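Source file: start-v9.txt (compact mmCIF, C-alpha atoms)
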# COMPACT_ATOMS: atom_id res chain seq x y z
CA ASN S 317 -65.61 -54.16 -1.57
CA ILE S 318 -69.00 -52.68 -2.37
CA LEU S 319 -72.00 -54.55 -0.98
CA LEU S 320 -75.48 -54.38 -2.45
CA PRO S 321 -78.52 -55.87 -0.70
CA ASP S 322 -80.68 -58.57 -2.22
CA VAL S 323 -84.06 -57.12 -1.19
CA ASN S 324 -87.43 -56.82 -2.90
CA ASP S 325 -88.01 -53.23 -1.80
CA MET S 326 -84.94 -51.17 -2.65
CA GLN S 327 -86.92 -48.00 -2.03
CA ALA S 328 -87.36 -48.98 1.63
CA TRP S 329 -83.70 -49.94 1.83
CA ALA S 330 -82.34 -46.57 0.65
CA CYS S 331 -82.98 -43.95 3.33
CA ILE S 332 -81.83 -40.36 3.27
CA ALA S 333 -78.59 -39.27 4.98
CA CYS S 334 -79.02 -39.27 8.75
CA ASP S 335 -78.16 -35.59 9.33
CA GLN S 336 -80.98 -34.32 7.11
CA PHE S 337 -84.35 -33.22 8.53
CA THR S 338 -82.78 -33.14 12.00
CA SER S 339 -85.45 -30.82 13.37
CA GLU S 340 -88.41 -32.47 11.61
CA LYS S 341 -89.63 -35.40 13.66
CA ASP S 342 -92.70 -35.77 11.44
CA TYR S 343 -90.38 -36.75 8.58
CA TRP S 344 -88.79 -39.57 10.59
CA ASP S 345 -92.16 -40.77 11.91
CA ALA S 346 -93.46 -41.01 8.33
CA LEU S 347 -90.26 -42.76 7.26
CA GLU S 348 -90.58 -45.36 10.01
CA GLN S 349 -94.10 -46.13 8.87
CA ARG S 350 -92.95 -46.44 5.24
CA VAL S 351 -90.18 -48.98 5.98
CA LYS S 352 -91.97 -50.94 8.69
CA GLY S 353 -91.32 -54.66 8.27
CA ALA S 354 -88.72 -54.15 5.51
CA ARG S 355 -84.96 -54.50 5.55
CA THR S 356 -83.76 -50.92 5.60
CA THR S 357 -80.72 -48.76 6.21
CA LEU S 358 -82.83 -46.88 8.75
CA ASP S 359 -82.06 -49.83 11.06
CA LEU S 360 -78.32 -49.43 10.36
CA THR S 361 -77.93 -45.69 11.00
CA LEU S 362 -78.54 -43.29 13.84
CA PRO S 363 -80.28 -40.12 12.63
CA GLU S 364 -79.08 -37.01 14.40
CA ILE S 365 -82.56 -36.32 15.71
CA TYR S 366 -82.10 -39.37 17.99
CA LEU S 367 -78.54 -38.65 19.17
CA GLU S 368 -79.76 -37.75 22.64
CA ASP S 369 -82.43 -40.47 22.75
CA ASN S 370 -81.10 -43.67 24.36
CA LYS S 371 -78.04 -43.54 22.11
CA VAL S 372 -76.15 -46.46 23.70
CA GLU S 373 -78.99 -48.93 23.19
CA ARG S 374 -79.63 -47.67 19.67
CA ILE S 375 -75.98 -48.23 18.72
CA LYS S 376 -76.04 -51.77 20.16
CA LEU S 377 -79.15 -52.53 18.10
CA ILE S 378 -77.54 -51.07 14.95
CA ASN S 379 -74.47 -53.27 15.36
CA ALA S 380 -76.60 -56.34 16.08
CA THR S 381 -78.71 -55.70 12.98
CA MET S 382 -75.60 -55.33 10.83
CA GLY S 383 -74.38 -58.69 12.11
CA LYS S 384 -77.78 -60.26 11.45
CA TYR S 385 -77.89 -58.99 7.85
CA ILE S 386 -74.40 -60.35 7.21
CA GLU S 387 -75.26 -63.75 8.73
CA GLU S 388 -78.35 -63.90 6.52
CA ASN S 389 -76.13 -63.40 3.43
CA LEU S 390 -78.22 -60.39 2.52
CA PHE S 391 -75.47 -58.78 0.45
CA GLU S 392 -73.91 -59.46 -2.90
CA THR S 393 -70.25 -58.47 -2.95
CA TYR S 394 -68.70 -56.50 -5.81
CA GLU S 395 -64.94 -56.64 -5.43
CA ASN S 396 -62.46 -54.04 -6.65
CA CYS S 397 -64.89 -51.85 -8.56
CA PHE S 398 -66.55 -48.46 -8.74
CA VAL S 399 -70.25 -47.71 -9.07
CA TYR S 400 -71.20 -45.02 -11.56
CA VAL S 401 -74.44 -43.35 -10.42
CA GLU S 402 -77.06 -41.19 -12.07
CA ARG S 403 -79.52 -39.34 -9.85
CA THR S 404 -82.63 -37.87 -11.42
CA LEU S 405 -83.50 -34.91 -9.22
CA GLY S 406 -86.93 -33.51 -8.52
CA ASN S 407 -86.54 -30.91 -11.26
CA GLY S 408 -85.59 -33.55 -13.83
CA ASP S 409 -81.85 -32.77 -13.86
CA ILE S 410 -79.47 -35.74 -13.73
CA ARG S 411 -76.49 -35.56 -11.39
CA LYS S 412 -73.68 -38.00 -12.11
CA GLY S 413 -71.10 -39.42 -9.73
CA LEU S 414 -68.60 -42.19 -9.13
CA VAL S 415 -68.61 -44.21 -5.90
CA GLY S 416 -65.30 -45.64 -4.72
CA MET S 417 -62.88 -45.65 -1.81
CA ILE S 418 -60.35 -43.08 -0.67
CA ASP S 419 -57.20 -43.48 1.40
CA LEU S 420 -57.68 -41.65 4.69
CA ASP S 421 -53.93 -41.09 4.92
CA MET S 422 -54.49 -38.64 2.05
CA TYR S 423 -57.20 -36.69 3.93
CA ASP S 424 -56.83 -33.85 6.43
CA TYR S 425 -59.75 -31.82 7.77
CA SER S 426 -57.68 -29.20 9.63
CA SER S 427 -58.10 -25.59 8.50
CA ASN S 428 -54.49 -25.31 7.22
CA ALA S 429 -54.50 -28.67 5.42
CA ASN S 430 -52.40 -29.22 2.31
CA ALA S 431 -53.50 -32.81 1.70
CA PRO S 432 -55.02 -34.08 -1.56
CA ILE S 433 -58.39 -34.45 0.22
CA ARG S 434 -59.61 -31.49 2.30
CA ALA S 435 -62.66 -30.12 4.06
CA THR S 436 -64.65 -27.18 2.70
CA GLU S 437 -65.98 -26.06 6.06
CA LYS S 438 -64.70 -25.83 9.59
CA THR S 439 -64.93 -29.19 11.31
CA VAL S 440 -66.70 -28.93 14.66
CA ILE S 441 -64.60 -31.25 16.80
CA GLU S 442 -67.41 -31.69 19.34
CA ARG S 443 -69.52 -33.36 16.65
CA ILE S 444 -67.02 -36.18 16.11
CA PRO S 445 -67.06 -38.25 19.37
CA PRO S 446 -70.74 -39.34 19.17
CA ARG S 447 -70.16 -40.35 15.55
CA VAL S 448 -67.07 -42.33 16.56
CA GLU S 449 -69.20 -44.26 19.04
CA ILE S 450 -71.50 -45.24 16.18
CA ARG S 451 -68.76 -46.11 13.68
CA LYS S 452 -65.97 -47.73 15.69
CA ASP S 453 -67.61 -51.16 16.10
CA ALA S 454 -69.81 -51.08 12.99
CA LEU S 455 -69.39 -54.03 10.61
CA LEU S 456 -70.67 -52.07 7.62
CA GLU S 457 -70.07 -48.60 6.25
CA LEU S 458 -73.03 -46.65 4.90
CA PRO S 459 -71.52 -43.35 3.81
CA HIS S 460 -73.11 -40.21 2.48
CA VAL S 461 -69.86 -38.39 1.70
CA MET S 462 -69.63 -36.43 -1.54
CA LEU S 463 -66.22 -35.33 -2.81
CA LEU S 464 -65.96 -32.65 -5.49
CA ILE S 465 -63.31 -32.20 -8.16
CA ASN S 466 -62.62 -29.09 -10.21
CA ASP S 467 -62.81 -30.78 -13.61
CA GLU S 468 -63.89 -28.23 -16.24
CA ALA S 469 -63.60 -30.80 -19.04
CA ASP S 470 -65.63 -33.30 -16.98
CA SER S 471 -63.10 -35.93 -18.02
CA VAL S 472 -63.31 -38.15 -14.93
CA ILE S 473 -67.07 -38.63 -14.85
CA LYS S 474 -67.30 -38.90 -18.65
CA ASN S 475 -64.71 -41.68 -18.65
CA ALA S 476 -66.61 -43.42 -15.85
CA GLU S 477 -69.85 -43.13 -17.82
CA LYS S 478 -68.20 -44.61 -20.92
CA ALA S 479 -66.89 -47.53 -18.86
CA LYS S 480 -70.21 -48.48 -17.24
CA GLU S 481 -71.04 -52.17 -17.32
CA GLU S 482 -74.01 -54.00 -15.85
CA LEU S 483 -76.92 -52.06 -14.36
CA LEU S 484 -76.88 -52.78 -10.63
CA TYR S 485 -80.02 -50.89 -9.59
CA ASP S 486 -82.62 -48.46 -10.91
CA PHE S 487 -85.49 -47.37 -8.69
CA PRO S 488 -87.39 -44.31 -7.39
CA LEU S 489 -86.23 -42.96 -4.05
CA MET S 490 -88.83 -42.55 -1.33
CA MET S 491 -90.22 -39.30 0.08
CA ASN S 492 -89.96 -37.43 -3.24
CA GLY S 493 -86.23 -38.16 -3.50
CA GLY S 494 -86.12 -38.61 -7.29
CA ASN S 495 -84.62 -41.70 -8.93
CA ILE S 496 -81.26 -43.45 -8.68
CA LYS S 497 -79.37 -45.69 -11.11
CA GLY S 498 -76.11 -47.48 -10.43
CA PHE S 499 -73.77 -49.22 -12.88
CA LYS S 500 -70.73 -51.35 -12.13
CA VAL S 501 -67.47 -49.86 -13.42
CA SER S 502 -64.18 -51.79 -13.38
CA PRO S 503 -61.05 -49.74 -12.61
CA ASN S 504 -59.41 -48.53 -15.82
CA GLU S 505 -56.54 -46.34 -16.94
CA GLU S 506 -58.77 -43.68 -18.48
CA ILE S 507 -60.35 -42.80 -15.12
CA PHE S 508 -57.06 -42.81 -13.23
CA ASN S 509 -55.27 -40.85 -15.93
CA SER S 510 -57.99 -38.19 -15.84
CA LEU S 511 -57.46 -37.75 -12.11
CA LYS S 512 -53.70 -37.73 -12.59
CA LYS S 513 -53.96 -34.93 -15.18
CA LEU S 514 -55.99 -32.81 -12.76
CA TRP S 515 -53.20 -33.19 -10.21
CA GLU S 516 -50.40 -32.52 -12.66
CA GLY S 517 -52.25 -29.50 -13.99
CA GLY S 518 -51.69 -27.70 -10.71
CA ASN S 519 -55.09 -28.50 -9.23
CA ASN S 520 -53.48 -29.90 -6.09
CA ALA S 521 -56.66 -29.93 -4.02
CA VAL S 522 -58.01 -32.74 -6.15
CA TYR S 523 -60.79 -33.72 -3.77
CA VAL S 524 -62.78 -31.40 -1.51
CA VAL S 525 -65.60 -32.56 0.73
CA GLY S 526 -68.85 -31.15 -0.62
CA ASP S 527 -71.09 -32.99 1.84
CA GLY S 528 -70.62 -35.35 4.77
CA ASN S 529 -67.61 -33.49 6.22
CA HIS S 530 -68.17 -34.75 9.76
CA SER S 531 -68.81 -38.32 8.58
CA LEU S 532 -65.45 -38.37 6.82
CA ALA S 533 -63.76 -36.68 9.79
CA THR S 534 -65.19 -39.46 11.95
CA ALA S 535 -63.76 -42.12 9.64
CA LYS S 536 -60.39 -40.38 9.87
CA THR S 537 -60.57 -40.24 13.67
CA CYS S 538 -61.40 -43.95 13.93
CA TYR S 539 -58.45 -44.76 11.67
CA GLU S 540 -56.09 -42.51 13.63
CA ASN S 541 -57.20 -44.21 16.85
CA LEU S 542 -56.29 -47.57 15.31
CA LYS S 543 -52.87 -46.23 14.27
CA ALA S 544 -52.28 -45.04 17.83
CA LYS S 545 -53.13 -48.53 19.11
CA PHE S 546 -51.58 -50.79 16.46
CA GLY S 547 -48.97 -48.61 14.73
CA ASP S 548 -48.17 -49.48 11.12
CA LYS S 549 -50.38 -52.57 11.31
CA ALA S 550 -53.36 -50.22 11.04
CA LYS S 551 -52.30 -49.39 7.47
CA GLN S 552 -53.28 -52.93 6.49
CA MET S 553 -56.77 -52.64 8.00
CA PRO S 554 -59.91 -51.84 6.00
CA GLN S 555 -60.56 -48.85 8.27
CA ARG S 556 -57.78 -47.04 6.40
CA TYR S 557 -60.28 -46.44 3.60
CA ALA S 558 -63.67 -44.75 3.34
CA LEU S 559 -66.38 -45.09 0.72
CA CYS S 560 -67.31 -41.80 -0.97
CA GLU S 561 -69.01 -40.47 -4.07
CA LEU S 562 -66.98 -38.33 -6.44
CA GLY S 563 -68.79 -35.55 -8.27
CA ASN S 564 -67.74 -32.69 -10.52
CA LEU S 565 -67.96 -29.14 -9.24
CA HIS S 566 -68.95 -28.14 -12.79
CA ASP S 567 -71.89 -30.54 -13.03
CA GLU S 568 -74.76 -28.36 -14.28
CA SER S 569 -77.20 -30.06 -11.91
CA LEU S 570 -75.12 -29.08 -8.88
CA LEU S 571 -76.59 -25.83 -7.57
CA PHE S 572 -75.17 -23.77 -4.72
CA GLU S 573 -77.80 -21.80 -2.84
CA ALA S 574 -77.66 -19.54 0.19
CA ILE S 575 -78.42 -21.04 3.59
CA HIS S 576 -80.81 -18.85 5.59
CA ARG S 577 -80.41 -18.79 9.35
CA VAL S 578 -83.06 -17.90 11.93
CA VAL S 579 -81.98 -16.25 15.19
CA PHE S 580 -84.07 -16.79 18.33
CA GLY S 581 -83.92 -15.12 21.73
CA ALA S 582 -82.45 -11.76 20.71
CA SER S 583 -84.02 -8.34 20.24
CA LYS S 584 -83.57 -6.52 16.95
CA GLU S 585 -81.40 -3.90 18.65
CA GLU S 586 -79.14 -6.49 20.31
CA PHE S 587 -78.81 -8.45 17.07
CA VAL S 588 -77.83 -5.38 15.03
CA LYS S 589 -75.39 -4.22 17.72
CA ARG S 590 -73.56 -7.56 17.73
CA LEU S 591 -73.31 -7.58 13.95
CA GLN S 592 -71.84 -4.06 14.12
CA ASN S 593 -69.34 -5.10 16.81
CA CYS S 594 -68.19 -8.00 14.62
CA GLY S 595 -67.76 -5.70 11.64
CA ILE S 596 -70.35 -7.61 9.60
CA ILE S 597 -72.48 -4.52 9.06
CA GLY S 598 -71.47 -0.85 9.23
CA MET S 599 -72.61 1.70 11.76
CA GLY S 600 -75.37 4.10 10.89

Go ahead and render the structure in this file as C-alpha cells.
Amino acid sequence: NILLPDVNDMQAWACIACDQFTSEKDYWDALEQRVKGARTTLDLTLPEIYLEDNKVERIKLINATMGKYIEENLFETYENCFVYVERTLGNGDIRKGLVGMIDLDMYDYSSNANAPIRATEKTVIERIPPRVEIRKDALLELPHVMLLINDEADSVIKNAEKAKEELLYDFPLMMNGGNIKGFKVSPNEEIFNSLKKLWEGGNNAVYVVGDGNHSLATAKTCYENLKAKFGDKAKQMPQRYALCELGNLHDESLLFEAIHRVVFGASKEEFVKRLQNCGIIGMG
C-alpha cells in the first residue's frame, strides 16, 4: 500500500533524501528551521550527517513519531496501485517515473549477480548495519530508491503516463528542489506487458539501481534476517517488498555527470606515485 499524508504543508513534509548534503550542516540547520512545527519526513528519517550523533535515541524518536502519525490517522491509504510522477527540475526539464514495489527475492547486490534487479556500484557492506538499525523496527518505509530500465522506446513510462488517473499531489519542493506531481495509476496489462517485452528481448537486467543502492541493500538485509528467523513464513511478510521509483535510462532529463573527488593529506608527489603504482596513470 502507498500512504500519502493529509497535511496542509506538503512542502515541509517532503524532505530530500537523507544521504544528500552529508557534509553541509548549514543545509540541515536551514531545513530544520523551515519545517519547525510542521509534520515532516525529517522527523521520520536519520540523515547521514547525524549517524554518529546520539543515533540510538534518534532512532527511538523516529519510531515513536511513526507510531504517533499512524495513531493520528495522518495517512490516506492507496491500495494496490502505482504512482506516476513528474518532477520539474531546476532547469525546467521534466523527469518521469513510476513508483511501485519490487520483490526483494528478485534483487541481488553482489558483484557477480545475475538477478533481475542488480546494483550499479559496489555495495559497501560496512554501510549496511547502521541502516538496518534504523529500518528493522520502522513502521513506515520512506524510500529514495531509483531503479533504471533500458527502454529505448520508453514504452513502460509512456504506458504509465497514459494510464494516470486522479492527481494526488502537485507542489513546489523546498530548498530549490523544483516541483513534483503525482498521479494514481491502477495496475494494467499495458505496463506489465511492456516490462515483459524488455525481458523477453534479451534485456535480462531489467532493473538496475540508479540511486539508493545502500537503502535497497538494507531492505534486502532486513528481509534476509527475517527469512533466517522465520523461514518460508517471511515470504508472506510485507518486508519482502520495497518501494522504489522506476525511471528510464533514456529519459532526456536524466544526465550523467562526472563526480569530482578531493584528496586531503597527501603531497603531490605521493599522490602521483600512488596513481602510477596502481596503473591509473603512466610513468614519465

Closest atom pairs, residues of range 388-460 of chain S within 12 Å of range 570-577 of chain S, only C-alpha atoms, as JSON lines:
{"residue": "S:Arg403", "atom": "CA", "partner": "S:Leu570", "partner_atom": "CA", "distance": 11.2}
{"residue": "S:Thr404", "atom": "CA", "partner": "S:Leu570", "partner_atom": "CA", "distance": 11.8}
{"residue": "S:Leu405", "atom": "CA", "partner": "S:Leu570", "partner_atom": "CA", "distance": 10.2}
{"residue": "S:Asn407", "atom": "CA", "partner": "S:Leu571", "partner_atom": "CA", "distance": 11.8}
{"residue": "S:Asp409", "atom": "CA", "partner": "S:Leu570", "partner_atom": "CA", "distance": 9.1}
{"residue": "S:Ile410", "atom": "CA", "partner": "S:Leu570", "partner_atom": "CA", "distance": 9.3}
{"residue": "S:Arg411", "atom": "CA", "partner": "S:Leu570", "partner_atom": "CA", "distance": 7.1}
{"residue": "S:Lys412", "atom": "CA", "partner": "S:Leu570", "partner_atom": "CA", "distance": 9.6}
{"residue": "S:Gly413", "atom": "CA", "partner": "S:Leu570", "partner_atom": "CA", "distance": 11.1}

*Find, counting only C-alpha atoms, the residue in S:Cys397, S:Leu367, S:Cys538, S:Cys331 that gets nearest to Gln555 in chain S.*
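So, comparing all the options, the nearest one is S:Cys538.
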
_Here's a test: counting all atoms listed in the file, identify every protein, DNA and RNA residue with an atom at most 10 Å from (-62.1, -41.6, 14.4) in the file's coordinate frame, and state them as a count of residues only._
20

*Which neighbours of Leu489 in chain S fall inside 9 Å, counting only C-alpha atoms, when residues of the same chain fewer than 6 positions from it are skipped, and could you give them as a ChimeraX atom specification?*
/S:326-328,330-332,495-496

*Please provide the set of residues having any atom within 12 Å of His460 in chain S, restricted to only C-alpha atoms, with same-chain residues fewer than 2 positions apart removed, written as a list of chain:residue names.*
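Using only C-alpha atoms, the neighbours found are S:Ala330, S:Cys331, S:Ile332, S:Ala333, S:Cys334, S:Asp335, S:Gln336, S:Thr361, S:Val415, S:Gly416, S:Glu457, S:Leu458, S:Met462, S:Leu463, S:Val525, S:Gly526, S:Asp527, S:Gly528, S:Asn529, S:His530, S:Ser531, S:Leu532, S:Ala535, S:Ala558, S:Leu559, S:Cys560, S:Glu561, S:Leu562.
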
*Which one is closest to Phe487 in chain S: S:Glu402, S:Gly595, S:Thr357, S:His566? Count only C-alpha atoms.*
S:Glu402

Could you add whatever atoms are missing so that range 584-595 of chain S carries all heavy atoms, then write the result as a PDB file, in the frame of the given file?
ATOM      1  N   LYS S 584     -84.115  -7.081  18.190  1.00  0.00           N
ATOM      2  CA  LYS S 584     -83.570  -6.520  16.950  1.00  0.00           C
ATOM      3  C   LYS S 584     -82.364  -5.636  17.253  1.00  0.00           C
ATOM      4  O   LYS S 584     -81.334  -5.699  16.571  1.00  0.00           O
ATOM      5  CB  LYS S 584     -84.641  -5.720  16.219  1.00  0.00           C
ATOM      6  CG  LYS S 584     -84.154  -5.108  14.907  1.00  0.00           C
ATOM      7  CD  LYS S 584     -85.255  -4.384  14.181  1.00  0.00           C
ATOM      8  CE  LYS S 584     -85.623  -3.100  14.896  1.00  0.00           C
ATOM      9  NZ  LYS S 584     -86.608  -2.298  14.144  1.00  0.00           N
ATOM     10  N   GLU S 585     -82.475  -4.834  18.310  1.00  0.00           N
ATOM     11  CA  GLU S 585     -81.400  -3.900  18.650  1.00  0.00           C
ATOM     12  C   GLU S 585     -80.129  -4.658  19.057  1.00  0.00           C
ATOM     13  O   GLU S 585     -79.020  -4.311  18.642  1.00  0.00           O
ATOM     14  CB  GLU S 585     -81.844  -2.968  19.796  1.00  0.00           C
ATOM     15  CG  GLU S 585     -82.931  -1.982  19.414  1.00  0.00           C
ATOM     16  CD  GLU S 585     -84.312  -2.643  19.326  1.00  0.00           C
ATOM     17  OE1 GLU S 585     -84.466  -3.778  19.847  1.00  0.00           O
ATOM     18  OE2 GLU S 585     -85.210  -2.027  18.727  1.00  0.00           O
ATOM     19  N   GLU S 586     -80.304  -5.703  19.861  1.00  0.00           N
ATOM     20  CA  GLU S 586     -79.140  -6.490  20.310  1.00  0.00           C
ATOM     21  C   GLU S 586     -78.486  -7.196  19.127  1.00  0.00           C
ATOM     22  O   GLU S 586     -77.258  -7.248  19.002  1.00  0.00           O
ATOM     23  CB  GLU S 586     -79.582  -7.515  21.350  1.00  0.00           C
ATOM     24  CG  GLU S 586     -78.445  -8.395  21.865  1.00  0.00           C
ATOM     25  CD  GLU S 586     -78.935  -9.511  22.780  1.00  0.00           C
ATOM     26  OE1 GLU S 586     -80.164  -9.636  22.966  1.00  0.00           O
ATOM     27  OE2 GLU S 586     -78.089 -10.269  23.273  1.00  0.00           O
ATOM     28  N   PHE S 587     -79.319  -7.735  18.233  1.00  0.00           N
ATOM     29  CA  PHE S 587     -78.810  -8.450  17.070  1.00  0.00           C
ATOM     30  C   PHE S 587     -77.992  -7.518  16.176  1.00  0.00           C
ATOM     31  O   PHE S 587     -76.875  -7.844  15.766  1.00  0.00           O
ATOM     32  CB  PHE S 587     -79.996  -9.048  16.301  1.00  0.00           C
ATOM     33  CG  PHE S 587     -79.606  -9.827  15.081  1.00  0.00           C
ATOM     34  CD1 PHE S 587     -78.848 -10.980  15.183  1.00  0.00           C
ATOM     35  CD2 PHE S 587     -80.012  -9.410  13.818  1.00  0.00           C
ATOM     36  CE1 PHE S 587     -78.495 -11.708  14.056  1.00  0.00           C
ATOM     37  CE2 PHE S 587     -79.660 -10.129  12.684  1.00  0.00           C
ATOM     38  CZ  PHE S 587     -78.904 -11.282  12.814  1.00  0.00           C
ATOM     39  N   VAL S 588     -78.533  -6.353  15.884  1.00  0.00           N
ATOM     40  CA  VAL S 588     -77.830  -5.380  15.030  1.00  0.00           C
ATOM     41  C   VAL S 588     -76.538  -4.925  15.689  1.00  0.00           C
ATOM     42  O   VAL S 588     -75.483  -4.805  15.047  1.00  0.00           O
ATOM     43  CB  VAL S 588     -78.743  -4.178  14.713  1.00  0.00           C
ATOM     44  CG1 VAL S 588     -77.951  -3.073  14.019  1.00  0.00           C
ATOM     45  CG2 VAL S 588     -79.908  -4.610  13.832  1.00  0.00           C
ATOM     46  N   LYS S 589     -76.580  -4.690  16.995  1.00  0.00           N
ATOM     47  CA  LYS S 589     -75.390  -4.220  17.720  1.00  0.00           C
ATOM     48  C   LYS S 589     -74.263  -5.245  17.636  1.00  0.00           C
ATOM     49  O   LYS S 589     -73.099  -4.899  17.417  1.00  0.00           O
ATOM     50  CB  LYS S 589     -75.751  -3.942  19.174  1.00  0.00           C
ATOM     51  CG  LYS S 589     -74.595  -3.362  19.984  1.00  0.00           C
ATOM     52  CD  LYS S 589     -75.028  -3.054  21.405  1.00  0.00           C
ATOM     53  CE  LYS S 589     -73.849  -2.490  22.210  1.00  0.00           C
ATOM     54  NZ  LYS S 589     -74.254  -2.197  23.617  1.00  0.00           N
ATOM     55  N   ARG S 590     -74.598  -6.512  17.779  1.00  0.00           N
ATOM     56  CA  ARG S 590     -73.560  -7.560  17.730  1.00  0.00           C
ATOM     57  C   ARG S 590     -72.976  -7.690  16.326  1.00  0.00           C
ATOM     58  O   ARG S 590     -71.775  -7.916  16.165  1.00  0.00           O
ATOM     59  CB  ARG S 590     -74.133  -8.893  18.196  1.00  0.00           C
ATOM     60  CG  ARG S 590     -74.485  -8.891  19.679  1.00  0.00           C
ATOM     61  CD  ARG S 590     -74.544 -10.287  20.238  1.00  0.00           C
ATOM     62  NE  ARG S 590     -74.834 -10.271  21.658  1.00  0.00           N
ATOM     63  CZ  ARG S 590     -74.684 -11.308  22.463  1.00  0.00           C
ATOM     64  NH1 ARG S 590     -74.230 -12.451  21.963  1.00  0.00           N
ATOM     65  NH2 ARG S 590     -74.962 -11.236  23.742  1.00  0.00           N
ATOM     66  N   LEU S 591     -73.819  -7.551  15.323  1.00  0.00           N
ATOM     67  CA  LEU S 591     -73.310  -7.580  13.950  1.00  0.00           C
ATOM     68  C   LEU S 591     -72.364  -6.406  13.709  1.00  0.00           C
ATOM     69  O   LEU S 591     -71.335  -6.548  13.047  1.00  0.00           O
ATOM     70  CB  LEU S 591     -74.464  -7.541  12.952  1.00  0.00           C
ATOM     71  CG  LEU S 591     -75.333  -8.805  12.858  1.00  0.00           C
ATOM     72  CD1 LEU S 591     -76.447  -8.593  11.839  1.00  0.00           C
ATOM     73  CD2 LEU S 591     -74.512 -10.022  12.486  1.00  0.00           C
ATOM     74  N   GLN S 592     -72.711  -5.235  14.270  1.00  0.00           N
ATOM     75  CA  GLN S 592     -71.840  -4.060  14.120  1.00  0.00           C
ATOM     76  C   GLN S 592     -70.514  -4.269  14.845  1.00  0.00           C
ATOM     77  O   GLN S 592     -69.445  -3.951  14.315  1.00  0.00           O
ATOM     78  CB  GLN S 592     -72.549  -2.822  14.667  1.00  0.00           C
ATOM     79  CG  GLN S 592     -73.715  -2.354  13.805  1.00  0.00           C
ATOM     80  CD  GLN S 592     -74.497  -1.238  14.448  1.00  0.00           C
ATOM     81  OE1 GLN S 592     -74.483  -1.076  15.677  1.00  0.00           O
ATOM     82  NE2 GLN S 592     -75.199  -0.447  13.637  1.00  0.00           N
ATOM     83  N   ASN S 593     -70.568  -4.866  16.037  1.00  0.00           N
ATOM     84  CA  ASN S 593     -69.340  -5.100  16.810  1.00  0.00           C
ATOM     85  C   ASN S 593     -68.416  -6.089  16.115  1.00  0.00           C
ATOM     86  O   ASN S 593     -67.191  -6.022  16.251  1.00  0.00           O
ATOM     87  CB  ASN S 593     -69.688  -5.618  18.217  1.00  0.00           C
ATOM     88  CG  ASN S 593     -70.331  -4.555  19.074  1.00  0.00           C
ATOM     89  OD1 ASN S 593     -70.218  -3.358  18.791  1.00  0.00           O
ATOM     90  ND2 ASN S 593     -71.037  -4.975  20.123  1.00  0.00           N
ATOM     91  N   CYS S 594     -69.006  -7.028  15.351  1.00  0.00           N
ATOM     92  CA  CYS S 594     -68.190  -8.000  14.620  1.00  0.00           C
ATOM     93  C   CYS S 594     -67.696  -7.455  13.268  1.00  0.00           C
ATOM     94  O   CYS S 594     -66.919  -8.111  12.576  1.00  0.00           O
ATOM     95  CB  CYS S 594     -69.022  -9.268  14.339  1.00  0.00           C
ATOM     96  SG  CYS S 594     -69.441 -10.191  15.829  1.00  0.00           S
ATOM     97  N   GLY S 595     -68.177  -6.284  12.909  1.00  0.00           N
ATOM     98  CA  GLY S 595     -67.760  -5.700  11.640  1.00  0.00           C
ATOM     99  C   GLY S 595     -68.511  -6.258  10.449  1.00  0.00           C
ATOM    100  O   GLY S 595     -68.126  -6.023   9.300  1.00  0.00           O
TER     101      GLY S 595
END
